[in-house]
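In what follows, a single structure is set out as structure tokens and then discussed.
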Protein chains: 2
Amino acid sequence: MEKILLVEDDKDIVENLSAVLKGEGFSVCTASGQKDALKAVEQEAFDLLLLDVSLRDGNGFAVCSAVKGSSDLPVIFLTASGDEYSVVTGLDLGAEDYISKPFRPRELVSRIRSVLRRCGKTQAVLEIEDLRVDTVRALVTKGGQECFLSALEYRLLLFFLNHKGMVLSRNQLLEEIWDAAGEFVNDNTLTVYIKRLREKIETDPQNPRIIRTVRGLGYTLADEVRKSGRM
Amino acid sequence: MEKILLVEDDKDIVENLSAVLKGEGFSVCTASGQKDALKAVEQEAFDLLLLDVSLRDGNGFAVCSAVKGSSDLPVIFLTASGDEYSVVTGLDLGAEDYISKPFRPRELVSRIRSVLRRCGKTQAVLEIEDLRVDTVRALVTKGGQECFLSALEYRLLLFFLNHKGMVLSRNQLLEEIWDAAGEFVNDNTLTVYIKRLREKIETDPQNPRIIRTVRGLGYTLADEVRKSGRM
DNA sequence: GAATTTCTTCAGGTTTTTTTGACGTTTCCC
DNA sequence: GGGAAACGTCAAAAAAACCTGAAGAAATTC
């Protein structure tokens with residue numbers, strides 16, 4: 001799952017885009033100003049930066065320069081319509097692409113995909129134990145046998161794989177996987193999905209090795225599989 | 001892999017474009033002046049020439065004339081924005097297309113692909129199972145029998161073939177096949193087309209092997225045909 | 001300008017996924 | 001042990017995703 005940092009200070013756009021991108025299977029973080037953006041880039045490893053040209057505390061160019069100076073993180077600018085100057089500047093600063101507002105979400109997604117592909121940021125295969133996830137084909141296999149996951153099961157697994165070793169709280173998971181449209185879902189939905197996922201990917205679903213419960217805190221996908229259950 | 005010669009003397013552009021094109025799977029050589037360009041064309045066989053109109057040692061037209069005089073190498077001009085005169089001259093000289101700066105990398109890539117296809121410089125025959133697509137003649141056959149596809153059906157199939165193995169989301173397909181002109185189409189249009197395409201190219205349309213549905217994620221064209229469906 | 005083909009949409013059906021609520025089990029603390 | 005919270009299980013209801021056939025628009029062809 002590719003991580004995108006969206007830097008934009010129009011709340012409506014943030015909300016809308018966030019939902020769309022999550023729906024398309026991206027992991028989205030947001031920042032609303034230059035400072036936040038730079039801090040986020042420093043702290044976390046993103047695969048792509050979606051950068052509004054006009055921010056309250058200055059323009060996006062500064063952010064782009066800073067980022068490009070210290071990494072090869074791909075950048076897509078969001079520009080106001082017909083703002084030729086920004087386009088030129090953006091591309092000069094090494095941005096990979098730009099898109100003018102108003103844009104169709106679909107088109108943006110397609111641009112994002114294209115840029116990610118071009119920059120080789122699309123991680124193709126994730127593995128843990130005898131479980132293999134081919135993210136290009138959306139193909140999950142366990143010991144060579146294909147596991148047929150539903151869309152949400154797949155998304156959940158992907159999120160775990162991209163946060164190996166971290167304990168993910170129930171809330172965090174509900175937000176990331178379900179909150180795409182801003183709705184709330186029953187807390188138990190997550191529990192059910194964990195169960196289903198375990199049934200499909202664990203060797204012994206009653207005694208889960210891959211997705212472990214950390215009582216009171218959440219769930220975690222074992223970074224490396226330790227020998228025994230209990231500690 | 002198609003070989004492109006990029007003739008341009010702005011170092012930044014060269015660097016940027018080079019990276020983009022390489023990222024998209026092209027082989028790129030560069031030349032910064034008329035002389036270099038002509039020498040390169042003589043010495044190596046390219047599939048396409050990307051030619052800046054304004055070069056330090058004269059304009060790109062001379063290069064174009066020379067090249068067109070002795071070969072059928074396709075040419076795309078890079079022109080300064082709004083420079084109508086160059087556009088006309090370029091096309092008069094037999095150039096296949098032009099694009100004005102500043103341009104979106106993605107757009108250039110799509111133009112390049114389009115020109116290559118038009119000029120038959122791209123892979124001519126695509127195959128899967130007993131299905132053969134001759135992209136030069138736009139001829140599709142299944143087990144020797146011709147399939148009569150409509151323009152959109154053909155475009156859809158081609159897109160699948162060029163993205164073998166990838167799961168393509170409905171949005172992505174709508175964007176690529178339908179949304180090019182900015183219009184929206186009903187989501188079901190895609191569904192209907194998938195059905196029609198399957199009826200024409202699948203051995204058993206009820207049980208599609210070539211274009212598979214990945215519920216919740218999209219469709220995919222199997223890059224190798226696996227034995228069975230469900231397990 | 002009528003006929004034909006292609007494209008798009010609609011309405012309805014089928015299947016699968018997603019969500020939920022009721023109830024069981026484990027864990028922890030008093 | 002009793003009780004409360006956290007987590008697990010199950011099955012049924014609700015919703016979404018996908019498929020299908022037909023019919024109205026739009027474009028092409030003759």
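Identifiers in this document derive from the order of the structure tokens: chains are assigned A, B, ..., residues are numbered from 1 separately in each chain, and ligands are numbered from 1 in order of occurrence.
Using only C-alpha atoms (C1' of nucleotides), the contacts of D:DA26 at a cut-off of 10 Å, with sequence neighbours closer than 3 positions omitted, comprise C:DT6, C:DC7, C:DT8.
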Export of the given selection (N, CA and C atoms (P, O5', C5', C4', C3', O3' and C1' of nucleotides)) as a PDB file, in the first residue's frame:
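Output below, filename again37.pdb:
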ATOM      1  P    DT C   6     -20.381  -2.654 -35.175  1.00  0.00           P
ATOM      2  O5'  DT C   6     -20.440  -1.421 -34.164  1.00  0.00           O
ATOM      3  C5'  DT C   6     -19.908  -0.158 -34.575  1.00  0.00           C
ATOM      4  C4'  DT C   6     -20.298   0.868 -33.544  1.00  0.00           C
ATOM      5  C3'  DT C   6     -19.833   0.548 -32.121  1.00  0.00           C
ATOM      6  O3'  DT C   6     -19.098   1.661 -31.677  1.00  0.00           O
ATOM      7  C1'  DT C   6     -22.096   1.206 -32.129  1.00  0.00           C
ATOM      8  P    DC C   7     -18.303   1.575 -30.311  1.00  0.00           P
ATOM      9  O5'  DC C   7     -19.254   2.373 -29.323  1.00  0.00           O
ATOM     10  C5'  DC C   7     -19.525   3.743 -29.609  1.00  0.00           C
ATOM     11  C4'  DC C   7     -20.617   4.231 -28.692  1.00  0.00           C
ATOM     12  C3'  DC C   7     -20.336   4.043 -27.204  1.00  0.00           C
ATOM     13  O3'  DC C   7     -20.270   5.328 -26.612  1.00  0.00           O
ATOM     14  C1'  DC C   7     -22.565   3.419 -27.778  1.00  0.00           C
ATOM     15  P    DT C   8     -19.910   5.446 -25.055  1.00  0.00           P
ATOM     16  O5'  DT C   8     -21.347   5.419 -24.387  1.00  0.00           O
ATOM     17  C5'  DT C   8     -22.215   6.525 -24.593  1.00  0.00           C
ATOM     18  C4'  DT C   8     -23.548   6.226 -23.937  1.00  0.00           C
ATOM     19  C3'  DT C   8     -23.477   5.977 -22.433  1.00  0.00           C
ATOM     20  O3'  DT C   8     -24.074   7.098 -21.802  1.00  0.00           O
ATOM     21  C1'  DT C   8     -24.943   4.443 -23.546  1.00  0.00           C
TER      22       DT C   8
END
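DSSP secondary structure from the backbone places Val75, Ile76, Phe77, Leu78, Thr79, Asp97, Tyr98, Ile99 and Ser100 of chain A of stretch 73-114 of chain A in strand (DSSP E or B).
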Would you output that residue set with C-alpha atoms, as an mmCIF file, in the first residue's frame?
data_model
loop_
_atom_site.group_PDB
_atom_site.id
_atom_site.type_symbol
_atom_site.label_atom_id
_atom_site.label_comp_id
_atom_site.auth_asym_id
_atom_site.auth_seq_id
_atom_site.Cartn_x
_atom_site.Cartn_y
_atom_site.Cartn_z
ATOM 1 C CA VAL A 75 5.802 15.217 -6.235
ATOM 2 C CA ILE A 76 2.548 16.086 -7.954
ATOM 3 C CA PHE A 77 1.415 19.700 -7.772
ATOM 4 C CA LEU A 78 -2.166 20.780 -7.476
ATOM 5 C CA THR A 79 -2.427 24.143 -9.217
ATOM 6 C CA ASP A 97 3.567 16.014 -12.707
ATOM 7 C CA TYR A 98 0.888 18.567 -11.999
ATOM 8 C CA ILE A 99 -2.858 18.708 -12.218
ATOM 9 C CA SER A 100 -5.026 21.809 -12.422
#
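Using only C-alpha atoms (C1' of nucleotides), the residues found no farther than 12 Å from D:DA5, other than those of its own chain fewer than 5 positions away, are Arg215 and Gly216 of chain A; DT26, DT27, DC28 and DC29 of chain C.
All C-alpha atoms of chain B, paired in order with those of chain A and fitted by least squares, deviate by an RMSD of 9.8 Å.
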Quiz item: Any idea what's packed within 12 Å of D:DG21, counting only C-alpha atoms (C1' of nucleotides), ignoring anything in its chain fewer than 6 positions away? Could you give it as a ChimeraX atom specification?
Solution: /B:192,195 /C:10-13
Tell me as a PDB file with N, CA and C atoms, in the first residue's frame which residues belonging to chain B come within 9 Å of chain A, counting only C-alpha atoms.
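part.pdb was written with the following content:
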ATOM      1  N   ASP B  12      18.263  21.063 -17.895  1.00  0.00           N
ATOM      2  CA  ASP B  12      17.245  20.648 -16.916  1.00  0.00           C
ATOM      3  C   ASP B  12      16.187  19.768 -17.573  1.00  0.00           C
ATOM      4  N   ILE B  13      15.716  20.262 -18.713  1.00  0.00           N
ATOM      5  CA  ILE B  13      14.671  19.506 -19.408  1.00  0.00           C
ATOM      6  C   ILE B  13      15.192  18.128 -19.795  1.00  0.00           C
ATOM      7  N   ASN B  16      15.299  15.887 -16.727  1.00  0.00           N
ATOM      8  CA  ASN B  16      13.957  15.539 -16.268  1.00  0.00           C
ATOM      9  C   ASN B  16      13.271  14.550 -17.221  1.00  0.00           C
ATOM     10  N   ALA B  19      14.682  11.056 -17.411  1.00  0.00           N
ATOM     11  CA  ALA B  19      14.278  10.223 -16.277  1.00  0.00           C
ATOM     12  C   ALA B  19      12.860   9.696 -16.484  1.00  0.00           C
ATOM     13  N   VAL B  20      11.986  10.615 -16.869  1.00  0.00           N
ATOM     14  CA  VAL B  20      10.595  10.218 -17.069  1.00  0.00           C
ATOM     15  C   VAL B  20      10.493   9.108 -18.113  1.00  0.00           C
ATOM     16  N   LEU B  21      11.146   9.336 -19.228  1.00  0.00           N
ATOM     17  CA  LEU B  21      11.013   8.379 -20.331  1.00  0.00           C
ATOM     18  C   LEU B  21      11.629   7.030 -19.980  1.00  0.00           C
ATOM     19  N   LYS B  22      12.779   7.102 -19.342  1.00  0.00           N
ATOM     20  CA  LYS B  22      13.395   5.840 -18.924  1.00  0.00           C
ATOM     21  C   LYS B  22      12.480   5.112 -17.966  1.00  0.00           C
ATOM     22  N   GLY B  23      11.881   5.912 -17.077  1.00  0.00           N
ATOM     23  CA  GLY B  23      10.960   5.327 -16.115  1.00  0.00           C
ATOM     24  C   GLY B  23       9.780   4.638 -16.786  1.00  0.00           C
ATOM     25  N   GLU B  24       9.418   5.139 -17.960  1.00  0.00           N
ATOM     26  CA  GLU B  24       8.280   4.548 -18.657  1.00  0.00           C
ATOM     27  C   GLU B  24       8.713   3.389 -19.557  1.00  0.00           C
ATOM     28  N   GLY B  25       9.987   3.073 -19.478  1.00  0.00           N
ATOM     29  CA  GLY B  25      10.432   1.886 -20.204  1.00  0.00           C
ATOM     30  C   GLY B  25      11.013   2.164 -21.575  1.00  0.00           C
ATOM     31  N   LYS B 101       5.562  23.500 -24.590  1.00  0.00           N
ATOM     32  CA  LYS B 101       6.008  23.642 -23.215  1.00  0.00           C
ATOM     33  C   LYS B 101       5.155  24.712 -22.529  1.00  0.00           C
ATOM     34  N   PRO B 102       4.849  24.601 -21.280  1.00  0.00           N
ATOM     35  CA  PRO B 102       5.193  23.453 -20.446  1.00  0.00           C
ATOM     36  C   PRO B 102       4.195  22.329 -20.662  1.00  0.00           C
ATOM     37  N   PHE B 103       4.666  21.124 -20.651  1.00  0.00           N
ATOM     38  CA  PHE B 103       3.730  20.026 -20.857  1.00  0.00           C
ATOM     39  C   PHE B 103       3.826  19.079 -19.671  1.00  0.00           C
ATOM     40  N   ARG B 104       2.772  18.339 -19.498  1.00  0.00           N
ATOM     41  CA  ARG B 104       2.786  17.325 -18.450  1.00  0.00           C
ATOM     42  C   ARG B 104       3.547  16.122 -18.970  1.00  0.00           C
ATOM     43  N   PRO B 105       4.471  15.641 -18.192  1.00  0.00           N
ATOM     44  CA  PRO B 105       5.220  14.456 -18.613  1.00  0.00           C
ATOM     45  C   PRO B 105       4.277  13.357 -19.103  1.00  0.00           C
ATOM     46  N   ARG B 106       3.207  13.214 -18.360  1.00  0.00           N
ATOM     47  CA  ARG B 106       2.292  12.141 -18.693  1.00  0.00           C
ATOM     48  C   ARG B 106       1.696  12.323 -20.077  1.00  0.00           C
ATOM     49  N   GLY B 165      -1.707  -8.757 -16.214  1.00  0.00           N
ATOM     50  CA  GLY B 165      -1.414  -9.162 -14.841  1.00  0.00           C
ATOM     51  C   GLY B 165      -1.791  -8.124 -13.802  1.00  0.00           C
ATOM     52  N   MET B 166      -1.912  -6.872 -14.217  1.00  0.00           N
ATOM     53  CA  MET B 166      -2.263  -5.842 -13.244  1.00  0.00           C
ATOM     54  C   MET B 166      -3.763  -5.832 -13.012  1.00  0.00           C
ATOM     55  N   VAL B 167      -4.137  -5.541 -11.782  1.00  0.00           N
ATOM     56  CA  VAL B 167      -5.552  -5.346 -11.518  1.00  0.00           C
ATOM     57  C   VAL B 167      -5.893  -3.908 -11.847  1.00  0.00           C
ATOM     58  N   SER B 169      -8.580  -0.977 -11.812  1.00  0.00           N
ATOM     59  CA  SER B 169      -9.829  -0.605 -11.152  1.00  0.00           C
ATOM     60  C   SER B 169     -10.806  -0.051 -12.172  1.00  0.00           C
ATOM     61  N   ASN B 171     -12.422   2.596 -12.038  1.00  0.00           N
ATOM     62  CA  ASN B 171     -12.112   4.000 -12.257  1.00  0.00           C
ATOM     63  C   ASN B 171     -10.983   4.194 -13.259  1.00  0.00           C
ATOM     64  N   GLN B 172      -9.982   3.403 -13.069  1.00  0.00           N
ATOM     65  CA  GLN B 172      -8.825   3.506 -13.946  1.00  0.00           C
ATOM     66  C   GLN B 172      -9.240   3.244 -15.394  1.00  0.00           C
ATOM     67  N   LEU B 174     -12.286   3.467 -16.681  1.00  0.00           N
ATOM     68  CA  LEU B 174     -13.164   4.520 -17.169  1.00  0.00           C
ATOM     69  C   LEU B 174     -12.340   5.736 -17.570  1.00  0.00           C
ATOM     70  N   GLU B 175     -11.362   6.037 -16.738  1.00  0.00           N
ATOM     71  CA  GLU B 175     -10.510   7.190 -17.010  1.00  0.00           C
ATOM     72  C   GLU B 175      -9.735   7.007 -18.315  1.00  0.00           C
ATOM     73  N   GLU B 176      -9.164   5.832 -18.467  1.00  0.00           N
ATOM     74  CA  GLU B 176      -8.281   5.609 -19.612  1.00  0.00           C
ATOM     75  C   GLU B 176      -9.049   5.429 -20.910  1.00  0.00           C
ATOM     76  N   ASP B 179     -12.788   8.538 -20.328  1.00  0.00           N
ATOM     77  CA  ASP B 179     -12.795   9.881 -19.795  1.00  0.00           C
ATOM     78  C   ASP B 179     -11.829  10.840 -20.462  1.00  0.00           C
ATOM     79  N   GLY B 182     -13.043  14.277 -20.974  1.00  0.00           N
ATOM     80  CA  GLY B 182     -13.608  15.050 -19.881  1.00  0.00           C
ATOM     81  C   GLY B 182     -15.053  14.729 -19.568  1.00  0.00           C
ATOM     82  N   VAL B 214     -12.052  -9.115 -10.399  1.00  0.00           N
ATOM     83  CA  VAL B 214     -11.517  -9.151  -9.045  1.00  0.00           C
ATOM     84  C   VAL B 214     -12.465  -8.301  -8.220  1.00  0.00           C
ATOM     85  N   ARG B 215     -13.428  -8.969  -7.649  1.00  0.00           N
ATOM     86  CA  ARG B 215     -14.544  -8.283  -6.991  1.00  0.00           C
ATOM     87  C   ARG B 215     -14.054  -7.227  -5.999  1.00  0.00           C
ATOM     88  N   GLY B 216     -14.609  -6.050  -6.148  1.00  0.00           N
ATOM     89  CA  GLY B 216     -14.261  -4.976  -5.226  1.00  0.00           C
ATOM     90  C   GLY B 216     -13.015  -4.217  -5.646  1.00  0.00           C
ATOM     91  N   LEU B 217     -12.227  -4.787  -6.558  1.00  0.00           N
ATOM     92  CA  LEU B 217     -10.991  -4.116  -6.953  1.00  0.00           C
ATOM     93  C   LEU B 217     -10.960  -3.739  -8.426  1.00  0.00           C
ATOM     94  N   THR B 220      -8.837  -7.917 -14.262  1.00  0.00           N
ATOM     95  CA  THR B 220      -7.451  -8.159 -14.626  1.00  0.00           C
ATOM     96  C   THR B 220      -7.371  -9.129 -15.780  1.00  0.00           C
ATOM     97  N   ALA B 222      -5.366 -12.020 -17.131  1.00  0.00           N
ATOM     98  CA  ALA B 222      -4.407 -13.003 -16.628  1.00  0.00           C
ATOM     99  C   ALA B 222      -3.175 -13.026 -17.514  1.00  0.00           C
ATOM    100  N   ARG B 230     -12.169 -21.100  -8.813  1.00  0.00           N
ATOM    101  CA  ARG B 230     -12.230 -21.135  -7.354  1.00  0.00           C
ATOM    102  C   ARG B 230     -11.599 -22.392  -6.769  1.00  0.00           C
ATOM    103  N   MET B 231     -11.146 -22.294  -5.538  1.00  0.00           N
ATOM    104  CA  MET B 231     -10.635 -23.501  -4.893  1.00  0.00           C
ATOM    105  C   MET B 231     -11.401 -23.756  -3.604  1.00  0.00           C
TER     106      MET B 231
END
Self-check item: Exercise answer, chain C residues close to chain A, 10 Å and only C-alpha atoms (C1' of nucleotides), as an MDAnalysis selection string
Solution: chainID C and resid 16:21 27
Residue subset to file, keeping C-alpha atoms (C1' of nucleotides), as a PDB file, in the first residue's frame:
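New file out13.pdb:
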ATOM      1  C1'  DT C  16     -20.969 -11.901  -2.888  1.00  0.00           C
ATOM      2  C1'  DT C  17     -19.512  -8.868   0.562  1.00  0.00           C
ATOM      3  C1'  DT C  18     -20.306  -6.125   4.494  1.00  0.00           C
ATOM      4  C1'  DT C  19     -22.475  -5.031   8.652  1.00  0.00           C
ATOM      5  C1'  DT C  20     -24.920  -6.099  12.616  1.00  0.00           C
ATOM      6  C1'  DG C  21     -26.753  -8.118  16.930  1.00  0.00           C
ATOM      7  C1'  DT C  27      -8.809 -12.160  30.940  1.00  0.00           C
TER       8       DT C  27
END
For the interface of chain D with chain B (cut-off 9 Å, counting only C-alpha atoms (C1' of nucleotides)), please tabulate each contacting residue of chain D alongside its nearest pair of atoms and their separation in Å to one decimal, rows sorted by chain and increasing number, as a tab-separated table.
residue	atom	partner	partner_atom	distance
D:DA17	C1'	B:Gly216	CA	6.8
D:DC18	C1'	B:Thr191	CA	7.7
D:DC19	C1'	B:Thr191	CA	7.8
D:DT20	C1'	B:Val192	CA	8.7
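Going from atom CA of A:Asp9 over to atom CA of A:Arg56, you cover 7.0 Å.
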Exercise. Find the residue from B:Phe26, B:Leu17, B:Gly144, B:Leu161 that sits nearest to B:Glu127; use only C-alpha atoms when measuring.
Key: B:Leu161
Exercise. Could you find all residues in stretch 109-213 of chain B that DSSP calls alpha helix (DSSP H) from the backbone, and write them as an NGL selection string?
Key: :B and (109-118 or 151-161 or 170-173 or 187-201)
Using only C-alpha atoms (C1' of nucleotides), which protein or nucleic acid residues come within 12 Å of B:Lys39? Drop anything in the same chain fewer than 2 positions from it, and give the result as a PDB file with N, CA and C atoms, in the first residue's frame.
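Here's the written file out_18.pdb:
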ATOM      1  N   LEU B   5      15.428   9.316 -29.381  1.00  0.00           N
ATOM      2  CA  LEU B   5      16.498  10.302 -29.349  1.00  0.00           C
ATOM      3  C   LEU B   5      15.912  11.649 -28.961  1.00  0.00           C
ATOM      4  N   VAL B   7      16.475  15.517 -28.566  1.00  0.00           N
ATOM      5  CA  VAL B   7      17.361  16.597 -28.989  1.00  0.00           C
ATOM      6  C   VAL B   7      16.901  17.894 -28.339  1.00  0.00           C
ATOM      7  N   THR B  30      20.500  11.202 -25.879  1.00  0.00           N
ATOM      8  CA  THR B  30      20.290  12.637 -25.996  1.00  0.00           C
ATOM      9  C   THR B  30      21.343  13.273 -26.886  1.00  0.00           C
ATOM     10  N   ALA B  31      20.958  14.381 -27.473  1.00  0.00           N
ATOM     11  CA  ALA B  31      21.880  15.181 -28.266  1.00  0.00           C
ATOM     12  C   ALA B  31      21.493  16.623 -28.014  1.00  0.00           C
ATOM     13  N   SER B  32      22.483  17.532 -28.027  1.00  0.00           N
ATOM     14  CA  SER B  32      22.125  18.891 -27.654  1.00  0.00           C
ATOM     15  C   SER B  32      22.200  19.867 -28.825  1.00  0.00           C
ATOM     16  N   GLY B  33      22.636  19.399 -29.964  1.00  0.00           N
ATOM     17  CA  GLY B  33      22.692  20.319 -31.093  1.00  0.00           C
ATOM     18  C   GLY B  33      22.365  19.603 -32.395  1.00  0.00           C
ATOM     19  N   GLN B  34      22.279  20.362 -33.442  1.00  0.00           N
ATOM     20  CA  GLN B  34      21.941  19.791 -34.741  1.00  0.00           C
ATOM     21  C   GLN B  34      22.924  18.709 -35.154  1.00  0.00           C
ATOM     22  N   LYS B  35      24.182  19.066 -35.052  1.00  0.00           N
ATOM     23  CA  LYS B  35      25.230  18.147 -35.504  1.00  0.00           C
ATOM     24  C   LYS B  35      25.165  16.818 -34.770  1.00  0.00           C
ATOM     25  N   ASP B  36      25.147  16.932 -33.463  1.00  0.00           N
ATOM     26  CA  ASP B  36      25.076  15.722 -32.626  1.00  0.00           C
ATOM     27  C   ASP B  36      23.877  14.880 -33.018  1.00  0.00           C
ATOM     28  N   ALA B  37      22.767  15.580 -33.205  1.00  0.00           N
ATOM     29  CA  ALA B  37      21.528  14.890 -33.517  1.00  0.00           C
ATOM     30  C   ALA B  37      21.676  14.086 -34.799  1.00  0.00           C
ATOM     31  N   VAL B  41      21.530  10.006 -35.364  1.00  0.00           N
ATOM     32  CA  VAL B  41      20.531   9.356 -36.216  1.00  0.00           C
ATOM     33  C   VAL B  41      21.201   8.449 -37.236  1.00  0.00           C
ATOM     34  N   GLU B  42      22.345   8.910 -37.742  1.00  0.00           N
ATOM     35  CA  GLU B  42      23.062   8.090 -38.729  1.00  0.00           C
ATOM     36  C   GLU B  42      23.580   6.800 -38.118  1.00  0.00           C
ATOM     37  N   GLN B  43      24.090   6.968 -36.898  1.00  0.00           N
ATOM     38  CA  GLN B  43      24.789   5.842 -36.295  1.00  0.00           C
ATOM     39  C   GLN B  43      23.886   4.795 -35.669  1.00  0.00           C
ATOM     40  N   GLU B  44      22.777   5.237 -35.149  1.00  0.00           N
ATOM     41  CA  GLU B  44      21.913   4.288 -34.454  1.00  0.00           C
ATOM     42  C   GLU B  44      20.500   4.313 -35.005  1.00  0.00           C
ATOM     43  N   ALA B  45      19.823   3.195 -34.847  1.00  0.00           N
ATOM     44  CA  ALA B  45      18.430   3.129 -35.304  1.00  0.00           C
ATOM     45  C   ALA B  45      17.500   3.503 -34.158  1.00  0.00           C
ATOM     46  N   VAL B  63      16.960  19.765 -38.706  1.00  0.00           N
ATOM     47  CA  VAL B  63      17.172  18.371 -38.338  1.00  0.00           C
ATOM     48  C   VAL B  63      16.020  17.522 -38.859  1.00  0.00           C
ATOM     49  N   ALA B  66      16.200  16.952 -42.612  1.00  0.00           N
ATOM     50  CA  ALA B  66      17.258  16.003 -42.938  1.00  0.00           C
ATOM     51  C   ALA B  66      16.815  14.582 -42.631  1.00  0.00           C
ATOM     52  N   VAL B  67      16.244  14.418 -41.478  1.00  0.00           N
ATOM     53  CA  VAL B  67      15.832  13.080 -41.048  1.00  0.00           C
ATOM     54  C   VAL B  67      14.721  12.541 -41.934  1.00  0.00           C
TER      55      VAL B  67
END
